[in-house]
Structures are given as structure tokens and as C-alpha cells.
file structure-v3.txt (compact mmCIF, C-alpha atoms and all ligand atoms)
# COMPACT_ATOMS: atom_id res chain seq x y z
CA MET A 236 -10.79 -18.56 -35.11
CA ASP A 237 -8.97 -21.70 -33.98
CA ILE A 238 -6.42 -21.29 -31.22
CA ARG A 239 -3.40 -23.43 -32.15
CA PHE A 240 0.14 -23.77 -30.81
CA ASP A 241 1.85 -25.55 -33.73
CA GLY A 242 5.59 -24.84 -33.68
CA ARG A 243 5.35 -23.38 -30.16
CA VAL A 244 7.25 -24.72 -27.16
CA ALA A 245 5.80 -24.50 -23.65
CA ILE A 246 7.16 -25.16 -20.17
CA VAL A 247 4.41 -25.95 -17.66
CA THR A 248 5.62 -26.22 -14.07
CA GLY A 249 3.95 -28.63 -11.67
CA SER A 250 2.27 -30.38 -14.59
CA GLY A 251 2.38 -34.00 -13.37
CA ILE A 252 -1.11 -33.71 -11.86
CA GLY A 253 -3.96 -31.27 -11.23
CA LEU A 254 -4.27 -27.98 -13.09
CA GLY A 255 -0.76 -28.16 -14.57
CA ARG A 256 -1.45 -31.55 -16.15
CA SER A 257 -4.68 -30.24 -17.65
CA HIS A 258 -2.89 -27.15 -19.05
CA ALA A 259 -0.07 -29.28 -20.50
CA LEU A 260 -2.50 -31.68 -22.19
CA GLY A 261 -4.52 -28.72 -23.55
CA LEU A 262 -1.39 -27.16 -25.06
CA ALA A 263 -0.22 -30.49 -26.53
CA GLU A 264 -3.66 -31.26 -28.02
CA ARG A 265 -3.41 -27.99 -29.93
CA GLY A 266 0.09 -28.63 -31.29
CA ALA A 267 2.58 -27.33 -28.69
CA LYS A 268 5.71 -29.23 -27.69
CA VAL A 269 5.58 -29.33 -23.92
CA VAL A 270 8.05 -29.65 -21.06
CA ILE A 271 6.35 -31.43 -18.19
CA ASN A 272 8.08 -30.09 -15.11
CA ASP A 273 7.24 -31.68 -11.79
CA LEU A 274 9.15 -32.40 -8.62
CA GLY A 275 6.47 -34.91 -7.57
CA VAL A 276 6.00 -33.65 -4.02
CA SER A 277 3.09 -33.91 -1.57
CA THR A 278 0.70 -30.95 -1.14
CA ASP A 279 2.95 -29.59 1.61
CA GLY A 280 6.10 -30.01 -0.49
CA GLN A 281 7.58 -33.25 0.91
CA GLY A 282 9.25 -36.08 -1.03
CA ALA A 283 10.03 -36.25 -4.75
CA SER A 284 9.03 -38.50 -7.65
CA SER A 285 9.28 -38.40 -11.45
CA GLU A 286 6.37 -40.83 -11.94
CA ALA A 287 3.54 -38.32 -12.54
CA ALA A 288 5.56 -36.19 -14.99
CA GLU A 289 6.60 -39.26 -16.97
CA ALA A 290 2.98 -40.45 -17.12
CA VAL A 291 1.90 -37.11 -18.66
CA VAL A 292 4.75 -37.30 -21.20
CA ALA A 293 3.53 -40.81 -22.14
CA GLU A 294 -0.05 -39.51 -22.51
CA ILE A 295 1.09 -36.72 -24.85
CA LYS A 296 3.23 -39.09 -26.92
CA ALA A 297 0.30 -41.52 -27.17
CA MET A 298 -1.78 -38.73 -28.76
CA GLY A 299 1.01 -38.10 -31.29
CA GLY A 300 2.49 -35.06 -29.53
CA GLU A 301 5.99 -34.19 -28.33
CA ALA A 302 6.95 -33.77 -24.68
CA ILE A 303 9.84 -34.22 -22.29
CA ALA A 304 9.84 -34.47 -18.50
CA HIS A 305 12.08 -32.50 -16.16
CA GLY A 306 12.12 -32.82 -12.38
CA ALA A 307 13.53 -29.37 -11.53
CA ASP A 308 12.53 -27.94 -8.17
CA VAL A 309 11.33 -24.52 -9.35
CA SER A 310 12.67 -22.89 -6.18
CA ASN A 311 16.22 -24.07 -7.10
CA GLU A 312 17.70 -21.69 -9.69
CA GLU A 313 20.43 -24.10 -10.81
CA GLN A 314 17.92 -26.88 -11.53
CA VAL A 315 15.67 -24.43 -13.38
CA VAL A 316 18.57 -23.22 -15.55
CA ASP A 317 19.28 -26.88 -16.39
CA MET A 318 15.62 -27.41 -17.35
CA VAL A 319 15.69 -24.40 -19.67
CA ALA A 320 18.98 -25.62 -21.25
CA LYS A 321 17.47 -29.10 -21.80
CA THR A 322 14.36 -27.50 -23.34
CA MET A 323 16.51 -25.52 -25.78
CA GLU A 324 18.50 -28.68 -26.65
CA ALA A 325 15.33 -30.65 -27.29
CA PHE A 326 13.12 -28.04 -28.98
CA GLY A 327 15.28 -24.98 -29.84
CA ARG A 328 12.94 -22.27 -28.50
CA ILE A 329 10.61 -21.38 -25.60
CA ASP A 330 7.42 -19.49 -26.40
CA ILE A 331 5.21 -20.16 -23.41
CA VAL A 332 5.86 -20.40 -19.67
CA VAL A 333 3.04 -21.46 -17.39
CA ASN A 334 4.14 -20.99 -13.77
CA ASN A 335 1.81 -23.36 -11.97
CA ALA A 336 3.82 -25.45 -9.46
CA GLY A 337 2.68 -24.91 -5.92
CA ILE A 338 2.36 -26.18 -2.37
CA LEU A 339 0.41 -25.27 0.76
CA ARG A 340 1.50 -24.98 4.39
CA ASP A 341 -1.61 -23.55 6.04
CA LYS A 342 -1.60 -22.32 9.65
CA THR A 343 -2.86 -19.18 11.34
CA PHE A 344 -0.17 -16.50 11.38
CA SER A 345 0.33 -16.87 15.13
CA LYS A 346 1.14 -20.59 14.75
CA MET A 347 3.07 -20.42 11.49
CA THR A 348 6.84 -20.80 11.58
CA MET A 349 8.89 -18.47 9.43
CA ALA A 350 10.36 -21.60 7.79
CA ASP A 351 6.86 -22.49 6.51
CA PHE A 352 6.23 -18.91 5.45
CA ARG A 353 9.51 -18.81 3.52
CA LYS A 354 9.04 -22.25 1.93
CA VAL A 355 5.69 -21.31 0.38
CA VAL A 356 7.04 -17.98 -0.88
CA ASP A 357 10.09 -19.84 -2.26
CA VAL A 358 8.03 -22.28 -4.32
CA HIS A 359 5.38 -19.87 -5.64
CA LEU A 360 7.12 -16.52 -5.94
CA ILE A 361 10.84 -17.34 -6.24
CA GLY A 362 9.94 -20.45 -8.28
CA SER A 363 7.94 -18.37 -10.79
CA ALA A 364 10.70 -15.75 -10.91
CA ASN A 365 13.39 -18.43 -11.45
CA VAL A 366 11.60 -20.04 -14.38
CA THR A 367 10.50 -16.78 -16.00
CA HIS A 368 13.94 -15.19 -15.49
CA ALA A 369 15.72 -18.14 -17.14
CA CYS A 370 13.37 -17.98 -20.16
CA TRP A 371 13.22 -14.17 -20.42
CA PRO A 372 16.40 -13.60 -22.54
CA ILE A 373 15.28 -16.37 -24.92
CA MET A 374 11.86 -14.76 -25.35
CA ARG A 375 13.41 -11.32 -25.85
CA GLU A 376 15.77 -12.71 -28.50
CA GLN A 377 12.80 -14.39 -30.27
CA GLY A 378 10.68 -11.25 -30.01
CA TYR A 379 7.88 -13.45 -28.70
CA GLY A 380 6.81 -14.79 -25.34
CA ARG A 381 3.70 -15.64 -23.34
CA VAL A 382 3.95 -15.95 -19.55
CA VAL A 383 1.26 -16.91 -17.07
CA LEU A 384 1.71 -16.59 -13.31
CA THR A 385 -0.74 -18.61 -11.22
CA SER A 386 -2.33 -16.44 -8.56
CA SER A 387 -5.24 -17.28 -6.28
CA ALA A 388 -8.34 -15.77 -4.72
CA SER A 389 -6.42 -16.26 -1.47
CA GLY A 390 -3.94 -13.59 -2.59
CA LEU A 391 -6.49 -11.36 -4.28
CA TYR A 392 -9.12 -11.44 -1.52
CA GLY A 393 -7.62 -13.28 1.47
CA ASN A 394 -8.19 -16.70 3.01
CA PHE A 395 -7.96 -17.54 6.71
CA GLY A 396 -4.77 -19.48 7.56
CA GLN A 397 -2.91 -18.67 4.35
CA SER A 398 -0.73 -15.63 5.10
CA ASN A 399 2.27 -17.28 3.39
CA TYR A 400 0.31 -18.48 0.37
CA GLY A 401 -1.80 -15.31 0.08
CA ALA A 402 1.32 -13.13 0.16
CA ALA A 403 3.03 -15.23 -2.52
CA LYS A 404 -0.09 -15.30 -4.71
CA ALA A 405 -0.65 -11.51 -4.45
CA ALA A 406 3.00 -11.06 -5.44
CA MET A 407 2.14 -12.66 -8.79
CA MET A 408 0.08 -9.57 -9.58
CA GLY A 409 3.04 -7.29 -8.78
CA MET A 410 5.40 -9.33 -10.92
CA MET A 411 2.88 -9.36 -13.79
CA ASN A 412 2.43 -5.57 -13.69
CA VAL A 413 6.18 -4.96 -14.07
CA LEU A 414 6.95 -7.76 -16.55
CA HIS A 415 4.02 -6.59 -18.69
CA LEU A 416 5.71 -3.19 -19.01
CA GLU A 417 9.22 -4.59 -19.54
CA GLY A 418 8.16 -7.31 -21.98
CA ALA A 419 5.89 -5.21 -24.23
CA ARG A 420 8.54 -4.09 -26.74
CA ASP A 421 9.56 -7.71 -27.42
CA ASP A 422 5.96 -8.97 -27.68
CA ILE A 423 6.20 -10.77 -24.35
CA ARG A 424 2.72 -10.78 -22.81
CA VAL A 425 2.28 -11.53 -19.13
CA ASN A 426 -0.95 -12.46 -17.36
CA CYS A 427 -2.18 -14.02 -14.14
CA LEU A 428 -4.61 -16.90 -13.79
CA ALA A 429 -6.49 -17.21 -10.50
CA PRO A 430 -8.13 -20.64 -10.65
CA THR A 431 -10.48 -22.45 -8.34
CA ALA A 432 -10.44 -26.17 -9.12
CA ALA A 433 -11.02 -29.62 -7.75
CA THR A 434 -7.52 -31.02 -7.22
CA ARG A 435 -5.81 -32.75 -4.30
CA MET A 436 -5.28 -29.20 -2.89
CA THR A 437 -9.04 -28.70 -2.48
CA GLU A 438 -10.61 -32.20 -2.50
CA SER A 439 -11.22 -32.21 1.25
CA LEU A 440 -12.90 -28.77 1.22
CA MET A 441 -15.95 -29.44 -0.96
CA PRO A 442 -18.71 -32.04 -1.52
CA PRO A 443 -18.30 -34.44 -4.50
CA GLU A 444 -20.98 -32.63 -6.60
CA ALA A 445 -19.05 -29.36 -6.38
CA LEU A 446 -15.74 -31.10 -7.13
CA GLU A 447 -17.33 -32.58 -10.27
CA LEU A 448 -18.20 -29.07 -11.54
CA LEU A 449 -14.78 -27.63 -10.71
CA LYS A 450 -12.62 -29.96 -12.81
CA PRO A 451 -9.30 -28.42 -13.99
CA GLU A 452 -10.45 -28.92 -17.60
CA THR A 453 -13.07 -26.17 -17.03
CA ILE A 454 -10.21 -23.69 -16.43
CA THR A 455 -7.61 -24.70 -19.02
CA PRO A 456 -9.43 -23.00 -21.97
CA GLY A 457 -8.90 -19.65 -20.20
CA LEU A 458 -5.21 -20.43 -19.73
CA LEU A 459 -4.91 -21.38 -23.41
CA TYR A 460 -6.31 -17.99 -24.43
CA LEU A 461 -3.88 -16.20 -22.07
CA VAL A 462 -0.87 -17.85 -23.80
CA SER A 463 -2.20 -17.68 -27.37
CA GLU A 464 -0.94 -15.59 -30.31
CA ASP A 465 -3.66 -12.96 -29.67
CA ALA A 466 -3.34 -13.03 -25.88
CA PRO A 467 -4.05 -9.91 -23.86
CA SER A 468 -1.41 -8.71 -21.39
CA ARG A 469 -1.66 -7.64 -17.74
CA VAL A 470 -4.94 -9.46 -17.18
CA ILE A 471 -5.85 -11.28 -13.98
CA MET A 472 -8.23 -13.96 -15.22
CA SER A 473 -10.20 -15.63 -12.45
CA ALA A 474 -11.66 -18.99 -13.47
CA GLY A 475 -13.53 -22.03 -12.20
CA ALA A 476 -16.37 -24.38 -13.21
CA GLY A 477 -16.54 -22.76 -16.66
CA CYS A 478 -16.85 -19.24 -15.19
CA PHE A 479 -14.26 -16.73 -16.42
CA ALA A 480 -13.92 -13.21 -15.05
CA GLN A 481 -11.37 -10.46 -14.80
CA THR A 482 -10.13 -9.20 -11.44
CA ARG A 483 -8.93 -5.60 -11.50
CA VAL A 484 -7.33 -3.03 -9.20
CA TYR A 485 -8.99 0.37 -9.30
CA GLU A 486 -8.18 3.66 -7.61
CA THR A 487 -10.87 6.11 -6.57
CA PRO A 488 -10.56 9.78 -7.59
CA GLY A 489 -9.94 10.44 -3.89
CA ILE A 490 -9.77 13.74 -2.06
CA LEU A 491 -7.29 16.57 -2.02
CA LEU A 492 -6.19 18.29 1.18
CA GLU A 493 -3.97 21.36 0.99
CA GLY A 494 -1.43 22.94 3.35
CA GLU A 495 -2.70 23.11 6.93
CA GLU A 496 -5.69 20.95 5.97
CA ILE A 497 -3.42 17.89 5.61
CA THR A 498 -4.21 16.35 9.00
CA PRO A 499 -5.28 12.86 10.13
CA GLU A 500 -8.57 14.36 11.35
CA ASN A 501 -9.39 15.61 7.87
CA VAL A 502 -8.47 12.24 6.34
CA ALA A 503 -10.87 10.62 8.85
CA ALA A 504 -13.60 13.22 8.20
CA GLN A 505 -13.44 12.65 4.43
CA PHE A 506 -12.85 8.89 4.51
CA ASP A 507 -16.25 8.14 2.93
CA GLN A 508 -15.54 10.52 0.07
CA LEU A 509 -12.01 9.09 -0.36
CA ASN A 510 -13.67 5.66 -0.74
CA ASP A 511 -16.32 6.80 -3.22
CA GLY A 512 -16.01 4.58 -6.31
CA GLU A 513 -17.65 7.03 -8.70
CA GLY A 514 -15.09 7.76 -11.45
CA GLN A 515 -12.56 5.18 -10.22
CA GLU A 516 -9.92 4.12 -12.74
CA GLU A 517 -7.31 1.47 -13.46
CA LEU A 518 -3.91 3.15 -13.61
CA THR A 519 -1.45 2.16 -16.33
CA ASP A 520 1.68 2.20 -14.14
CA ALA A 521 3.10 3.63 -10.90
CA PHE A 522 4.08 6.93 -12.47
CA ALA A 523 0.50 7.49 -13.63
CA GLN A 524 -0.44 7.75 -9.95
CA THR A 525 2.34 10.25 -9.19
CA LYS A 526 1.22 12.34 -12.17
CA LYS A 527 -2.42 12.19 -11.04
CA TYR A 528 -1.59 13.52 -7.56
CA ALA A 529 0.87 16.16 -8.76
CA ARG A 530 -1.66 17.39 -11.37
CA LYS A 531 -4.49 17.64 -8.84
CA ALA A 532 -2.36 19.49 -6.28
CA ALA A 533 -0.93 21.81 -8.93
CA GLU A 534 -4.41 22.61 -10.30
CA ALA A 535 -5.73 23.38 -6.81
CA ALA A 536 -2.73 25.61 -6.14
CA GLY A 537 -3.32 27.44 -9.41
CA LEU A 538 0.05 26.33 -10.82
CA THR A 539 -1.25 25.03 -14.17
P1 LIG B 1 -1.58 -29.87 -7.09
O1 LIG B 1 -1.08 -30.08 -5.70
O2 LIG B 1 -2.60 -30.80 -7.64
O3 LIG B 1 -0.34 -29.84 -8.11
C1 LIG B 1 0.79 -29.06 -7.86
C2 LIG B 1 1.96 -29.68 -8.56
O4 LIG B 1 3.12 -28.87 -8.34
C3 LIG B 1 2.32 -31.08 -8.02
O5 LIG B 1 2.45 -31.98 -9.08
C4 LIG B 1 3.66 -30.87 -7.31
O6 LIG B 1 4.53 -32.00 -7.37
C5 LIG B 1 4.23 -29.70 -8.09
N1 LIG B 1 5.25 -28.97 -7.33
C6 LIG B 1 5.15 -28.52 -6.06
N2 LIG B 1 6.28 -27.93 -5.67
C7 LIG B 1 7.12 -27.98 -6.75
C8 LIG B 1 8.43 -27.49 -6.98
N3 LIG B 1 9.12 -26.87 -6.01
N4 LIG B 1 8.98 -27.67 -8.19
C9 LIG B 1 8.29 -28.32 -9.18
N5 LIG B 1 7.05 -28.81 -9.01
C10 LIG B 1 6.47 -28.63 -7.81
O7 LIG B 1 -2.12 -28.37 -7.15
P2 LIG B 1 -3.20 -27.65 -8.09
O8 LIG B 1 -4.44 -27.52 -7.32
O9 LIG B 1 -3.22 -28.28 -9.45
O10 LIG B 1 -2.57 -26.20 -8.16
C11 LIG B 1 -1.83 -25.71 -9.26
C12 LIG B 1 -1.58 -24.23 -9.05
O11 LIG B 1 -2.83 -23.53 -8.96
C13 LIG B 1 -0.83 -23.90 -7.76
O12 LIG B 1 0.04 -22.82 -7.98
C14 LIG B 1 -1.94 -23.51 -6.82
O13 LIG B 1 -1.48 -22.70 -5.77
C15 LIG B 1 -2.86 -22.77 -7.76
N6 LIG B 1 -4.23 -22.67 -7.28
C16 LIG B 1 -5.01 -23.77 -7.16
C17 LIG B 1 -6.32 -23.62 -6.71
C18 LIG B 1 -7.25 -24.79 -6.61
O14 LIG B 1 -8.43 -24.54 -6.33
N7 LIG B 1 -6.79 -26.01 -6.83
C19 LIG B 1 -6.80 -22.36 -6.35
C20 LIG B 1 -5.99 -21.25 -6.49
C21 LIG B 1 -4.70 -21.42 -6.97

call {"tool": "encode", "arguments": {"input": "structure-v3.txt", "output": "C-alpha cells"}}
result
Amino acid sequence: MDIRFDGRVAIVTGSGIGLGRSHALGLAERGAKVVINDLGVSTDGQGASSEAAEAVVAEIKAMGGEAIAHGADVSNEEQVVDMVAKTMEAFGRIDIVVNNAGILRDKTFSKMTMADFRKVVDVHLIGSANVTHACWPIMREQGYGRVVLTSSASGLYGNFGQSNYGAAKAAMMGMMNVLHLEGARDDIRVNCLAPTAATRMTESLMPPEALELLKPETITPGLLYLVSEDAPSRVIMSAGAGCFAQTRVYETPGILLEGEEITPENVAAQFDQLNDGEGQEELTDAFAQTKKYARKAAEAAGLT
């Protein structure tokens, strides 16, 4: 089965360089019309340039594809709305949104200013919400949409010095969980990609041999599946160096304390049992958890 995007229109944010560029080229090679969004900033979000985005547009045109550049700052709602309007003018629909633009402002929490915390959350979380929100009514109207939110192992597992970035990247999972539920009836599928790649964000962290293995092109095939016709929904795909895995959140069966037994001492005494992974499950939504607890307590109280 060939994965193709003929007739599909994609917006890829931050696609002038790095992972975004690789995703945009991958989509274009398989037939998508692509909006190359990039503000052209440094890794810490300074400056602005349209050069990289225009170079990717030229690359796509040279291979016979269609693309336009847009320099919207994803954290600026007005600029994002303009980008979506220009996309509709140029291509008439929006099928795929790849939220990829990002910056870093690493510091330990004690040294981090709230301005740096807010800036990183603004670009990653508010930026992804701005772009997805502006495209959402179009996707609903079409009865078709594929959205990817770029997360990170930093958000899923933690990384020293990245409280701002980790918080924003974990928020992608929360947004995915809700948009997955809200988008389902209009065939809008929403997933997260948690990449680990050799880009300017990571080039100083690893030796050249490792960087060679971690090229963005080893991740893009996973992204292409996540935005394809037969895409799954509510998947956190972790990817790097040709490895693809799924990261999941599970809840243990837990313990039940009743009446007078509900004390901190009893929670402490049964903490090992509460942590026991035997029979753990992935819950479908928040209410599934409420139902689980109410059912257990009711059964124990002989109310069912
Ligand atoms: P990169 O720095 O190479 O590219 C990021 C691009 O985003 C740049 O072109 C930049 O100009 C653009 N950008 C930044 N702020 C923007 C804004 N406000 N509006 C529009 N464009 C903006 O980074 P990368 O390594 O390719 O990372 C891409 C995404 O993957 C990011 O969200 C990053 O957090 C995530 N990620 C990367 C890694 C990795 O190992 N490289 C790991 C985990 C997650």
C-alpha cells in the first residue's frame, strides 16, 4: 500500500530547516501541496528571516511540486489567521497540520526567568493551539483532517534544565487527548510525534557518528504515516534513527480504601500495591476513570 497525499494540502510550521523541512519535503514528494511556515529565528527565538522557508519552497518547485512560504510567528494569532487565509486562497483546503515550530531557552528552574518560561510555552503550546484552532473549522467542514503535535522525550520523561520546554511538550499530549475526542466525528485524527534528531537544536550534544544516524529523514516516515488517510488517532509516536515506538499512559488497578480506612497512613502502607502494574490499563477518557472508581467503591459497599 503506497502512502500518497495527492490533492491534499498541508501546513508544516517551522519547516525552513531541521525536522520541519524534512517533513515538508516528504509530504511534497508524495503529492501534497505544502505551506512552508517559518519565522526564521535562532534556536532561542531571536531574529527573523524568510530565507530558509523560501529555499524549501524552491526545492519543492524544482521537484515539480507546489508550495508557498509564510512567515507567520505561530505564537501570534493574527499572523496565523492570515497564513490560514492565504493557504485557502492558494489551495482551497487544509487537510494536514504539522505543528513543529519550536525554540529552546534552557536554564535550571531556579535561574529561569518567567519571561523565558512563558516564551517557550507561547511558541510550542499556544503556537500549536493557534494553528490548529485556525484550521479546525475548515477540517470540520471538510469532514477530514490530520493533525500532529510535536512533543518530546523532555515532556514525556523529563530533561534537566527544560522545565519550560518539558511543560509545553507534555501539554501536547493533553491537547491531543481532547482534540482526538472532539475531532473523531468529523474524521479529524490527532497524534503526537516525539522525535529525537540531529538538528541545530541537538548538534552540540552528540558526537558526529550519532548525529549521522539521527538524521531527520529517519523520522519523517513515521510522521507521514501519522497524517495519512489510514492514520491512527491519539498515538504518541516516539521516533529517532529509524526506531519507532509508541509511548503510552497507563493506570494501575490501584487499591480501594473505605470509610475510616481512608487515611494517609493506609495510602503509605499500600503504596507498593497501588503501584503494581499487573492489570494496568489505558483509559479512553477522563470519565472512564471516574466510572472505574465509582464502580469499585460501589461494588465494595455492596451497592451494585
Ligand atoms: P530547529 O531549530 O532545527 O527548527 C525549528 C524551526 O522552527 C526553525 O526553522 C525556526 O525558525 C522555527 N520557529 C521557531 N519559532 C517559530 C515561531 N514562533 N513561528 C514560526 N516558526 C518558528 O528544530 P528541530 O530540531 O527541527 O525541532 C523541530 C521540532 O521538534 C520542535 O518542536 C522541537 O522542539 C521538536 N523536537 C526536536 C528534537 C530534536 O532532537 N531535534 C527532540 C524533541 C523534540

call {"tool": "closest_residue", "arguments": {"input": "structure-v3.txt", "among": "A:Ala388, A:Val333, A:Leu492, A:Val244", "to": "ligand LIG 1 (chain B)", "atoms": "only C-alpha atoms and all ligand atoms"}}
result
A:Ala388

call {"tool": "residues_around", "arguments": {"input": "structure-v3.txt", "residues": "Asp351 in chain A", "least_positions_apart": "2", "cutoff": "12 Å", "atoms": "all atoms listed in the file", "output": "JSON, numbers by chain"}}
result
{"A": [279, 280, 338, 339, 340, 341, 342, 343, 344, 346, 347, 348, 349, 353, 354, 355, 356, 357, 358, 397, 398, 399, 400]}

call {"tool": "residues_near_ligand", "arguments": {"input": "structure-v3.txt", "ligand": "ligand LIG 1 (chain B)", "cutoff": "6 Å", "atoms": "all atoms listed in the file", "output": "PyMOL selection string"}}
result
chain A and resi 248-255+273-276+278+280+307-310+335-338+358+385-387+429-437

call {"tool": "closest_atom_pairs", "arguments": {"input": "structure-v3.txt", "of": "range 348-441 of chain A", "to": "range 467-474 of chain A", "cutoff": "6 Å", "atoms": "all atoms listed in the file", "output": "CSV"}}
result
residue,atom,partner,partner_atom,distance
A:His415,CA,A:Arg469,CA,5.9
A:Arg424,CA,A:Ser468,CA,4.8
A:Val425,CA,A:Ser468,CA,5.2
A:Asn426,CA,A:Arg469,CA,4.9
A:Cys427,CA,A:Ile471,CA,4.6
A:Leu428,CA,A:Met472,CA,4.9
A:Ala429,CA,A:Ser473,CA,4.5
A:Pro430,CA,A:Ala474,CA,4.8

call {"tool": "closest_residue", "arguments": {"input": "structure-v3.txt", "among": "A:Pro488, A:Gly282, A:Gly327, A:Pro499", "to": "Ala245 in chain A", "atoms": "all atoms listed in the file"}}
result
A:Gly327

call {"tool": "closest_residue", "arguments": {"input": "structure-v3.txt", "among": "A:Ile238, A:Leu360, A:Leu260, A:Ile373", "to": "Ala293 in chain A", "atoms": "only C-alpha atoms"}}
result
A:Leu260

call {"tool": "atom_distance", "arguments": {"input": "structure-v3.txt", "atom1": "CA of Gly261 in chain A", "atom2": "CA of Gly242 in chain A"}}
result
14.8 Å

call {"tool": "atom_distance", "arguments": {"input": "structure-v3.txt", "atom1": "CA of Gly477 in chain A", "atom2": "CA of Met410 in chain A"}}
result
26.4 Å

call {"tool": "axis_aligned_box", "arguments": {"input": "structure-v3.txt", "around": "range 345-354 of chain A", "padding_each_side": "8 Å", "output": "AutoDock Vina command-line options"}}
result
--center_x 5.3 --center_y -19.7 --center_z 8.5 --size_x 26.0 --size_y 21.6 --size_z 29.2

call {"tool": "residues_near_point", "arguments": {"input": "structure-v3.txt", "point": "(14.4, -19.2, -5.9)", "cutoff": "7 Å", "atoms": "all atoms listed in the file", "output": "JSON, numbers by chain"}}
result
{"A": [310, 311, 312, 357, 361, 362, 365]}

call {"tool": "closest_residue", "arguments": {"input": "structure-v3.txt", "among": "A:Leu518, A:Ala263, A:Met441, A:Met407", "to": "Ala302 in chain A", "atoms": "only C-alpha atoms"}}
result
A:Ala263

call {"tool": "residues_around", "arguments": {"input": "structure-v3.txt", "residues": "range 460-466 of chain A", "least_positions_apart": "3", "cutoff": "7 Å", "atoms": "all atoms listed in the file", "output": "ChimeraX atom specification"}}
result
/A:238,331,381-382,426,456-457

call {"tool": "write_last_selection", "arguments": {"input": "structure-v3.txt", "atoms": "C-alpha atoms", "output": "PDB file, in the frame of the given file"}}
result
ATOM      1  CA  ILE A 238      -6.420 -21.290 -31.220  1.00  0.00           C
ATOM      2  CA  ILE A 331       5.210 -20.160 -23.410  1.00  0.00           C
ATOM      3  CA  ARG A 381       3.700 -15.640 -23.340  1.00  0.00           C
ATOM      4  CA  VAL A 382       3.950 -15.950 -19.550  1.00  0.00           C
ATOM      5  CA  ASN A 426      -0.950 -12.460 -17.360  1.00  0.00           C
ATOM      6  CA  PRO A 456      -9.430 -23.000 -21.970  1.00  0.00           C
ATOM      7  CA  GLY A 457      -8.900 -19.650 -20.200  1.00  0.00           C
TER       8      GLY A 457
END

call {"tool": "closest_residue", "arguments": {"input": "structure-v3.txt", "among": "A:Leu491, A:Leu448, A:Leu384, A:Val484", "to": "Phe506 in chain A", "atoms": "all atoms listed in the file"}}
result
A:Leu491

call {"tool": "residues_near_point", "arguments": {"input": "structure-v3.txt", "point": "(-12.0, 5.5, -4.9)", "cutoff": "6 Å", "atoms": "all atoms listed in the file", "output": "number ranges by chain"}}
result
A: 486-489, 509-512, 515

call {"tool": "write_last_selection", "arguments": {"input": "structure-v3.txt", "atoms": "C-alpha atoms", "output": "mmCIF file, in the coordinates of the input"}}
result
data_model
loop_
_atom_site.group_PDB
_atom_site.id
_atom_site.type_symbol
_atom_site.label_atom_id
_atom_site.label_comp_id
_atom_site.auth_asym_id
_atom_site.auth_seq_id
_atom_site.Cartn_x
_atom_site.Cartn_y
_atom_site.Cartn_z
ATOM 1 C CA GLU A 486 -8.180 3.660 -7.610
ATOM 2 C CA THR A 487 -10.870 6.110 -6.570
ATOM 3 C CA PRO A 488 -10.560 9.780 -7.590
ATOM 4 C CA GLY A 489 -9.940 10.440 -3.890
ATOM 5 C CA LEU A 509 -12.010 9.090 -0.360
ATOM 6 C CA ASN A 510 -13.670 5.660 -0.740
ATOM 7 C CA ASP A 511 -16.320 6.800 -3.220
ATOM 8 C CA GLY A 512 -16.010 4.580 -6.310
ATOM 9 C CA GLN A 515 -12.560 5.180 -10.220
#

call {"tool": "residues_around", "arguments": {"input": "structure-v3.txt", "residues": "Ala369 in chain A", "least_positions_apart": "3", "cutoff": "10 Å", "atoms": "only C-alpha atoms", "output": "ChimeraX atom specification"}}
result
/A:312-313,315-320,364-366,372-374

call {"tool": "residues_around", "arguments": {"input": "structure-v3.txt", "residues": "Leu262 in chain A", "least_positions_apart": "3", "cutoff": "10 Å", "atoms": "only C-alpha atoms", "output": "JSON, numbers by chain"}}
result
{"A": [238, 239, 240, 241, 243, 244, 245, 247, 256, 257, 258, 259, 265, 266, 267, 268, 269, 295, 300, 331, 455, 456, 458, 459, 462, 463]}

call {"tool": "atom_distance", "arguments": {"input": "structure-v3.txt", "atom1": "CA of Tyr528 in chain A", "atom2": "CA of Gly409 in chain A"}}
result
21.4 Å

call {"tool": "build_atoms", "arguments": {"input": "structure-v3.txt", "residues": "range 405-417 of chain A", "atoms": "N, CA and C atoms", "output": "short mmCIF file (atom, residue, chain, number, x, y, z; two decimals), in the coordinates of the input"}}
result
data_model
loop_
_atom_site.label_atom_id
_atom_site.label_comp_id
_atom_site.auth_asym_id
_atom_site.auth_seq_id
_atom_site.Cartn_x
_atom_site.Cartn_y
_atom_site.Cartn_z
N ALA A 405 -0.45 -12.92 -4.11
CA ALA A 405 -0.65 -11.51 -4.45
C ALA A 405 0.59 -10.96 -5.15
N ALA A 406 1.75 -11.51 -4.81
CA ALA A 406 3.00 -11.06 -5.44
C ALA A 406 3.01 -11.35 -6.95
N MET A 407 2.22 -12.34 -7.36
CA MET A 407 2.14 -12.66 -8.79
C MET A 407 1.61 -11.45 -9.57
N MET A 408 0.67 -10.74 -8.94
CA MET A 408 0.08 -9.57 -9.58
C MET A 408 1.15 -8.48 -9.74
N GLY A 409 1.97 -8.29 -8.71
CA GLY A 409 3.04 -7.29 -8.78
C GLY A 409 4.05 -7.64 -9.85
N MET A 410 4.41 -8.91 -9.92
CA MET A 410 5.40 -9.33 -10.92
C MET A 410 4.81 -9.16 -12.32
N MET A 411 3.54 -9.53 -12.48
CA MET A 411 2.88 -9.36 -13.79
C MET A 411 2.89 -7.90 -14.23
N ASN A 412 2.53 -6.98 -13.31
CA ASN A 412 2.43 -5.57 -13.69
C ASN A 412 3.75 -5.05 -14.26
N VAL A 413 4.87 -5.46 -13.62
CA VAL A 413 6.18 -4.96 -14.07
C VAL A 413 6.64 -5.69 -15.34
N LEU A 414 6.50 -7.02 -15.37
CA LEU A 414 6.95 -7.76 -16.55
C LEU A 414 6.12 -7.40 -17.78
N HIS A 415 4.86 -7.06 -17.57
CA HIS A 415 4.02 -6.59 -18.69
C HIS A 415 4.66 -5.35 -19.33
N LEU A 416 5.10 -4.43 -18.49
CA LEU A 416 5.71 -3.19 -19.01
C LEU A 416 7.05 -3.49 -19.69
N GLU A 417 7.87 -4.33 -19.02
CA GLU A 417 9.22 -4.59 -19.54
C GLU A 417 9.21 -5.50 -20.77
#
